[in-house]
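Visitor: Could you have a look at this structure, given as structure tokens, before my questions?
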Amino acid sequence: MAQQRRRQRIVAFIGLGANLSNPIARVKAAREALRTHPDLREIACSRLYRSAPLGPADQPDYINAVMAVETTLAPDALLHILQTVEADHGRARSGERWGPRTLDLDLLLYGRETIETDELQVPHPGIAGREFVLRPLLDIAPQLDIPGRGPIADLLRACPRLSSPLIPVDDDST
Ligand code: A4P
Ligand code: MG
């Protein structure tokens, strides 16, 4: 559909997170699904990080990563791809805020655009205060400035720490 595409190429940042059913493998498989999608071109992907949950503590640790992709898709079309990949990984929405999930794919940034619709808020509302988003972002885009929020290095310095430090995951972990 014509409205699903923009003429210009845009760099979008996607946050990947999982804490159920082999989360390291989930995050790696989601990256692979996005990397090989015909409408996306991967520019960079961070290391994987393990962290304590933000929100209810009675859930497993999370694995998080951030990837940058180039695309001509409109933001809502990109969101639908993320939701399809989530569904392919058995994502069931319990409705619990900050509850456990097999896979969560968030559209963190879409170029420098600010989007406020019923189904999409960009920059992602959690981006500026989450170490597990900012730290992997810093890996792949150290100079990045978040529209309306500022440079990520400053945001990372100021952001609240979780109950335990973020730990990079070894490459050969599964
Ligand atoms: N939506 C609006 N804007 C966006 C966007 N920029 N990207 C809408 C993606 N979706 C967006 O999504 C609910 C609705 O948000 C969608 O229908 C879409 O139209 P969802 O994925 O069901 O909910 P959510 O984003 O997971 O929200 P929730 O449950 O508040 O979770 P959060 O805020 O994402 O947090 N701890 C650690 N250490 N690491 C984590 O990754 N993640 C969470 C989940 C909690 N604790 C965590 C982590
Ligand atoms: Mg989400």
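By order of appearance in the structure tokens: chains A, B, ..., then residues from 1 within every chain, and ligands from 1 in the order shown.
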Using only C-alpha atoms and all ligand atoms, find each protein or nucleic acid residue lying at most 7 Å from ligand 2; present the set as a list in words.

Guide: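 Residues lying within 7 Å of ligand 2: Asp104, Leu105 and Asp106 of chain A.
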
Visitor: Let me see the file: selected residues, N, CA and C atoms, as a compact mmCIF listing (two decimals), in the first residue's frame.

Guide:
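Output (out06.txt):
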```txt
# COMPACT_ATOMS: atom_id res chain seq x y z
N ASP A 104 9.43 -8.73 23.57
CA ASP A 104 8.87 -7.38 23.47
C ASP A 104 9.73 -6.60 22.50
N LEU A 105 9.11 -6.10 21.44
CA LEU A 105 9.84 -5.29 20.46
C LEU A 105 9.24 -3.90 20.46
N ASP A 106 10.03 -2.93 20.85
CA ASP A 106 9.53 -1.55 20.92
C ASP A 106 10.19 -0.69 19.86
```

Visitor: Let me have all residues with an atom within 8 Å of ligand 1, counting only C-alpha atoms and all ligand atoms, laid out as a ChimeraX atom specification.

Guide: /A:15-19,50-56,61-64,79,82-83,93,95-101,104-109,117-126,132-133,162

Visitor: Restricting the output to C-alpha atoms, write the selected residues as a PDB file, in the first residue's frame.

Guide:
```
ATOM      1  CA  GLY A  15      14.430  -2.284  21.496  1.00  0.00           C
ATOM      2  CA  LEU A  16      14.395  -6.061  21.976  1.00  0.00           C
ATOM      3  CA  GLY A  17      13.529  -7.592  25.335  1.00  0.00           C
ATOM      4  CA  ALA A  18      12.583 -11.011  26.706  1.00  0.00           C
ATOM      5  CA  ASN A  19      12.485 -12.797  30.041  1.00  0.00           C
ATOM      6  CA  ARG A  50      21.092  -9.188  31.231  1.00  0.00           C
ATOM      7  CA  SER A  51      19.322  -7.107  33.879  1.00  0.00           C
ATOM      8  CA  ALA A  52      17.011  -7.321  36.854  1.00  0.00           C
ATOM      9  CA  PRO A  53      13.361  -6.622  36.013  1.00  0.00           C
ATOM     10  CA  LEU A  54      12.010  -3.125  36.078  1.00  0.00           C
ATOM     11  CA  GLY A  55       8.591  -3.493  37.679  1.00  0.00           C
ATOM     12  CA  PRO A  56       7.402  -6.568  39.617  1.00  0.00           C
ATOM     13  CA  ASP A  61      15.874 -11.384  34.650  1.00  0.00           C
ATOM     14  CA  TYR A  62      15.542  -9.798  31.226  1.00  0.00           C
ATOM     15  CA  ILE A  63      17.733 -10.001  28.162  1.00  0.00           C
ATOM     16  CA  ASN A  64      17.804  -6.759  26.169  1.00  0.00           C
ATOM     17  CA  LEU A  79       5.213  -1.374  14.213  1.00  0.00           C
ATOM     18  CA  LEU A  82       7.404  -5.833  15.164  1.00  0.00           C
ATOM     19  CA  GLN A  83       4.045  -7.099  16.417  1.00  0.00           C
ATOM     20  CA  ARG A  93      -0.493 -10.036  26.299  1.00  0.00           C
ATOM     21  CA  GLY A  95      -2.372  -7.026  30.423  1.00  0.00           C
ATOM     22  CA  GLU A  96      -0.063  -6.811  33.434  1.00  0.00           C
ATOM     23  CA  ARG A  97       1.972  -3.621  33.303  1.00  0.00           C
ATOM     24  CA  TRP A  98       5.680  -4.456  33.158  1.00  0.00           C
ATOM     25  CA  GLY A  99       4.799  -8.140  33.369  1.00  0.00           C
ATOM     26  CA  PRO A 100       6.941 -11.003  32.003  1.00  0.00           C
ATOM     27  CA  ARG A 101       7.010 -11.632  28.263  1.00  0.00           C
ATOM     28  CA  ASP A 104       8.869  -7.380  23.470  1.00  0.00           C
ATOM     29  CA  LEU A 105       9.842  -5.291  20.462  1.00  0.00           C
ATOM     30  CA  ASP A 106       9.526  -1.547  20.917  1.00  0.00           C
ATOM     31  CA  LEU A 107       9.960   1.125  18.285  1.00  0.00           C
ATOM     32  CA  LEU A 108      12.306   3.422  20.185  1.00  0.00           C
ATOM     33  CA  LEU A 109      13.033   6.018  17.523  1.00  0.00           C
ATOM     34  CA  THR A 117      -1.205   8.421  17.736  1.00  0.00           C
ATOM     35  CA  ASP A 118      -3.535   5.961  19.456  1.00  0.00           C
ATOM     36  CA  GLU A 119      -1.221   3.067  18.677  1.00  0.00           C
ATOM     37  CA  LEU A 120       2.198   4.665  18.529  1.00  0.00           C
ATOM     38  CA  GLN A 121       4.255   7.000  20.663  1.00  0.00           C
ATOM     39  CA  VAL A 122       7.734   7.804  19.368  1.00  0.00           C
ATOM     40  CA  PRO A 123      10.249   8.395  20.887  1.00  0.00           C
ATOM     41  CA  HIS A 124       9.152   5.443  23.043  1.00  0.00           C
ATOM     42  CA  PRO A 125       7.961   6.895  26.379  1.00  0.00           C
ATOM     43  CA  GLY A 126      10.363   4.739  28.411  1.00  0.00           C
ATOM     44  CA  PHE A 132      18.633  -1.438  29.609  1.00  0.00           C
ATOM     45  CA  VAL A 133      17.691   0.699  26.594  1.00  0.00           C
ATOM     46  CA  LEU A 162      18.103  -1.211  38.617  1.00  0.00           C
TER      47      LEU A 162
END
```

Visitor: So, with only C-alpha atoms as the atoms that count, which of A:Lys28, A:Leu48, A:Ala33, A:Pro136 lies closest to A:Asp88?

Guide: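 For A:Asp88, the nearest of the given residues is A:Ala33.
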
Visitor: Nearest to A:Leu34 among A:Thr114, A:Gln59, A:Thr71, A:Gln4, with distances taken over only C-alpha atoms: which residue is it?

Guide: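 Closest to A:Leu34, using only C-alpha atoms: A:Thr71.
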
Visitor: Using DSSP assignments from the backbone, pull out every residue in chain A that falls under strand (DSSP E) and give it to me as a PyMOL selection string.

Guide: chain A and resi 5-18+41-45+49-51+62-73+104-110+115-116+121-122+145-146+150-151+167-168

Visitor: Once you have the residues from the selection above, write them out as a compact mmCIF listing (two decimals), in the first residue's frame, restricted to N, CA and C atoms.

Guide:
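Dumped everything to selection_35.txt:
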```txt
# COMPACT_ATOMS: atom_id res chain seq x y z
N ARG A 5 4.59 3.39 2.79
CA ARG A 5 5.99 3.71 2.48
C ARG A 5 6.23 5.19 2.44
N ARG A 6 7.43 5.55 2.79
CA ARG A 6 7.89 6.91 2.62
C ARG A 6 8.94 6.87 1.52
N ARG A 7 9.16 8.00 0.85
CA ARG A 7 10.18 7.99 -0.19
C ARG A 7 11.58 7.91 0.41
N GLN A 8 11.71 8.57 1.54
CA GLN A 8 13.02 8.69 2.18
C GLN A 8 13.38 7.45 2.99
N ARG A 9 14.66 7.15 3.02
CA ARG A 9 15.12 6.11 3.96
C ARG A 9 15.25 6.73 5.35
N ILE A 10 14.82 5.96 6.34
CA ILE A 10 14.84 6.44 7.72
C ILE A 10 15.62 5.43 8.54
N VAL A 11 16.36 5.91 9.52
CA VAL A 11 16.98 4.98 10.46
C VAL A 11 16.07 4.89 11.70
N ALA A 12 15.67 3.68 12.01
CA ALA A 12 14.81 3.43 13.17
C ALA A 12 15.59 2.59 14.17
N PHE A 13 15.33 2.81 15.46
CA PHE A 13 15.96 2.02 16.51
C PHE A 13 14.88 1.17 17.18
N ILE A 14 15.21 -0.10 17.36
CA ILE A 14 14.25 -1.06 17.91
C ILE A 14 14.83 -1.66 19.19
N GLY A 15 14.02 -1.65 20.24
CA GLY A 15 14.43 -2.28 21.50
C GLY A 15 13.91 -3.70 21.55
N LEU A 16 14.78 -4.65 21.88
CA LEU A 16 14.40 -6.06 21.98
C LEU A 16 14.51 -6.47 23.44
N GLY A 17 13.49 -7.15 23.95
CA GLY A 17 13.53 -7.59 25.33
C GLY A 17 12.78 -8.89 25.50
N ALA A 18 13.26 -9.74 26.43
CA ALA A 18 12.58 -11.01 26.71
C ALA A 18 12.99 -11.49 28.08
N ARG A 41 16.87 -3.05 6.58
CA ARG A 41 18.30 -3.33 6.43
C ARG A 41 18.98 -3.04 7.76
N GLU A 42 19.59 -4.05 8.32
CA GLU A 42 20.24 -3.83 9.62
C GLU A 42 21.48 -2.97 9.46
N ILE A 43 21.58 -1.97 10.30
CA ILE A 43 22.77 -1.12 10.31
C ILE A 43 23.69 -1.53 11.45
N ALA A 44 23.11 -1.83 12.59
CA ALA A 44 23.92 -2.21 13.75
C ALA A 44 23.04 -2.92 14.76
N CYS A 45 23.70 -3.75 15.58
CA CYS A 45 22.98 -4.37 16.70
C CYS A 45 23.94 -4.39 17.89
N TYR A 49 22.35 -7.77 26.80
CA TYR A 49 22.58 -7.46 28.22
C TYR A 49 21.55 -8.18 29.07
N ARG A 50 21.99 -8.60 30.25
CA ARG A 50 21.09 -9.19 31.23
C ARG A 50 20.85 -8.17 32.33
N SER A 51 19.58 -8.04 32.77
CA SER A 51 19.32 -7.11 33.88
C SER A 51 18.16 -7.59 34.73
N TYR A 62 15.79 -10.08 32.65
CA TYR A 62 15.54 -9.80 31.23
C TYR A 62 16.84 -9.86 30.42
N ILE A 63 16.68 -10.18 29.16
CA ILE A 63 17.73 -10.00 28.16
C ILE A 63 17.27 -8.88 27.24
N ASN A 64 18.15 -7.91 27.03
CA ASN A 64 17.80 -6.76 26.17
C ASN A 64 18.89 -6.48 25.14
N ALA A 65 18.49 -5.92 24.04
CA ALA A 65 19.42 -5.44 23.01
C ALA A 65 18.71 -4.33 22.24
N VAL A 66 19.48 -3.60 21.46
CA VAL A 66 18.90 -2.57 20.60
C VAL A 66 19.50 -2.74 19.21
N MET A 67 18.65 -2.65 18.20
CA MET A 67 19.19 -2.65 16.85
C MET A 67 18.74 -1.43 16.07
N ALA A 68 19.58 -1.05 15.09
CA ALA A 68 19.26 0.07 14.20
C ALA A 68 19.01 -0.52 12.82
N VAL A 69 17.92 -0.10 12.20
CA VAL A 69 17.60 -0.57 10.85
C VAL A 69 17.30 0.63 9.96
N GLU A 70 17.57 0.43 8.68
CA GLU A 70 17.19 1.44 7.70
C GLU A 70 15.95 0.91 6.98
N THR A 71 14.99 1.80 6.73
CA THR A 71 13.75 1.35 6.09
C THR A 71 13.07 2.50 5.37
N THR A 72 12.24 2.15 4.39
CA THR A 72 11.37 3.16 3.79
C THR A 72 9.93 2.95 4.26
N LEU A 73 9.71 2.02 5.16
CA LEU A 73 8.36 1.78 5.67
C LEU A 73 7.90 2.94 6.54
N ASP A 104 9.43 -8.73 23.57
CA ASP A 104 8.87 -7.38 23.47
C ASP A 104 9.73 -6.60 22.50
N LEU A 105 9.11 -6.10 21.44
CA LEU A 105 9.84 -5.29 20.46
C LEU A 105 9.24 -3.90 20.46
N ASP A 106 10.03 -2.93 20.85
CA ASP A 106 9.53 -1.55 20.92
C ASP A 106 10.19 -0.69 19.86
N LEU A 107 9.41 0.15 19.22
CA LEU A 107 9.96 1.13 18.29
C LEU A 107 10.44 2.31 19.12
N LEU A 108 11.75 2.39 19.29
CA LEU A 108 12.31 3.42 20.18
C LEU A 108 12.36 4.77 19.50
N LEU A 109 12.87 4.77 18.28
CA LEU A 109 13.03 6.02 17.52
C LEU A 109 12.77 5.74 16.06
N TYR A 110 12.18 6.72 15.39
CA TYR A 110 11.97 6.64 13.94
C TYR A 110 12.53 7.94 13.37
N ILE A 115 5.98 11.12 17.19
CA ILE A 115 4.69 10.57 16.75
C ILE A 115 3.81 10.34 17.97
N GLU A 116 2.60 10.81 17.89
CA GLU A 116 1.63 10.62 18.98
C GLU A 116 0.31 10.19 18.36
N GLN A 121 3.59 5.83 20.09
CA GLN A 121 4.25 7.00 20.66
C GLN A 121 5.75 6.86 20.41
N VAL A 122 6.31 7.81 19.69
CA VAL A 122 7.73 7.80 19.37
C VAL A 122 8.27 9.22 19.60
N ASP A 145 21.20 11.75 19.82
CA ASP A 145 20.47 12.73 20.60
C ASP A 145 18.99 12.40 20.43
N ILE A 146 18.29 12.25 21.54
CA ILE A 146 16.88 11.86 21.45
C ILE A 146 16.02 13.11 21.38
N GLY A 150 17.48 14.83 24.73
CA GLY A 150 18.90 15.15 24.84
C GLY A 150 19.81 13.99 24.47
N PRO A 151 21.15 14.20 24.62
CA PRO A 151 22.13 13.18 24.25
C PRO A 151 22.01 11.93 25.13
N ILE A 167 24.53 -6.59 32.83
CA ILE A 167 25.69 -7.44 32.55
C ILE A 167 25.67 -7.85 31.09
N PRO A 168 26.76 -7.58 30.33
CA PRO A 168 26.82 -8.05 28.95
C PRO A 168 26.79 -9.58 28.92
```

Visitor: Pick from A:Ala141, A:Ala57, A:Ile81, A:Leu103: nearest to A:Ala25, with only C-alpha atoms counted?

Guide: A:Leu103

Visitor: Compare A:Leu40, A:Leu20, A:Cys159, A:Ala30 by their minimum atom-to-atom distance to A:Ile127, counting only C-alpha atoms, and give me the closest one.

Guide: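 Of A:Leu40, A:Leu20, A:Cys159, A:Ala30, the one nearest A:Ile127 is A:Cys159, counting only C-alpha atoms.
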
Visitor: At what distance in Å, to one decimal, does atom CA of A:His37 lie from atom CA of A:Thr84?

Guide: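 Separating atom CA of A:Thr84 from atom CA of A:His37 is a distance of 11.6 Å.
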
Visitor: Can you tell me, as an MDAnalysis selection string, which residues in stretch 27-164 of chain A count as helix (DSSP H, G or I) by DSSP?

Guide: chainID A and resid 27:35 75:88 127:129 131:140 152:158

Visitor: So that I can check the surroundings of A:Arg157, please list as a PyMOL selection string every protein, DNA and RNA residue that reaches within 12 Å of it, counting only C-alpha atoms and ignoring chain neighbours fewer than 3 positions away.

Guide: chain A and resi 128-131+134-135+138+150-154+160-161

Visitor: For A:Ala29, work out the shell of residues within 10 Å, counting only C-alpha atoms and skipping chain neighbours fewer than 6 positions away, then give it as a list of chain:residue names.

Guide: A:Pro23, A:Arg35, A:Val85, A:His89

Visitor: Let's have the selection written as a PDB file, in the first residue's frame, with N, CA and C atoms.

Guide:
```pdb
ATOM      1  N   PRO A  23      15.247 -16.631  26.930  1.00  0.00           N
ATOM      2  CA  PRO A  23      15.232 -15.264  26.391  1.00  0.00           C
ATOM      3  C   PRO A  23      16.423 -14.913  25.496  1.00  0.00           C
ATOM      4  N   ARG A  35      16.519  -8.772  10.780  1.00  0.00           N
ATOM      5  CA  ARG A  35      17.686  -8.593   9.900  1.00  0.00           C
ATOM      6  C   ARG A  35      17.398  -9.102   8.488  1.00  0.00           C
ATOM      7  N   VAL A  85       6.400 -10.258  14.515  1.00  0.00           N
ATOM      8  CA  VAL A  85       7.523 -11.052  15.038  1.00  0.00           C
ATOM      9  C   VAL A  85       7.253 -11.438  16.500  1.00  0.00           C
ATOM     10  N   HIS A  89       6.652 -15.363  18.184  1.00  0.00           N
ATOM     11  CA  HIS A  89       7.394 -15.895  19.326  1.00  0.00           C
ATOM     12  C   HIS A  89       6.494 -16.140  20.520  1.00  0.00           C
TER      13      HIS A  89
END
```

Visitor: Can you work out the spacing between atom CA of A:Gly111 and atom CA of A:Asp39 in Å, to one decimal?

Guide: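 Rounded to one decimal, the two atoms are 16.0 Å apart.
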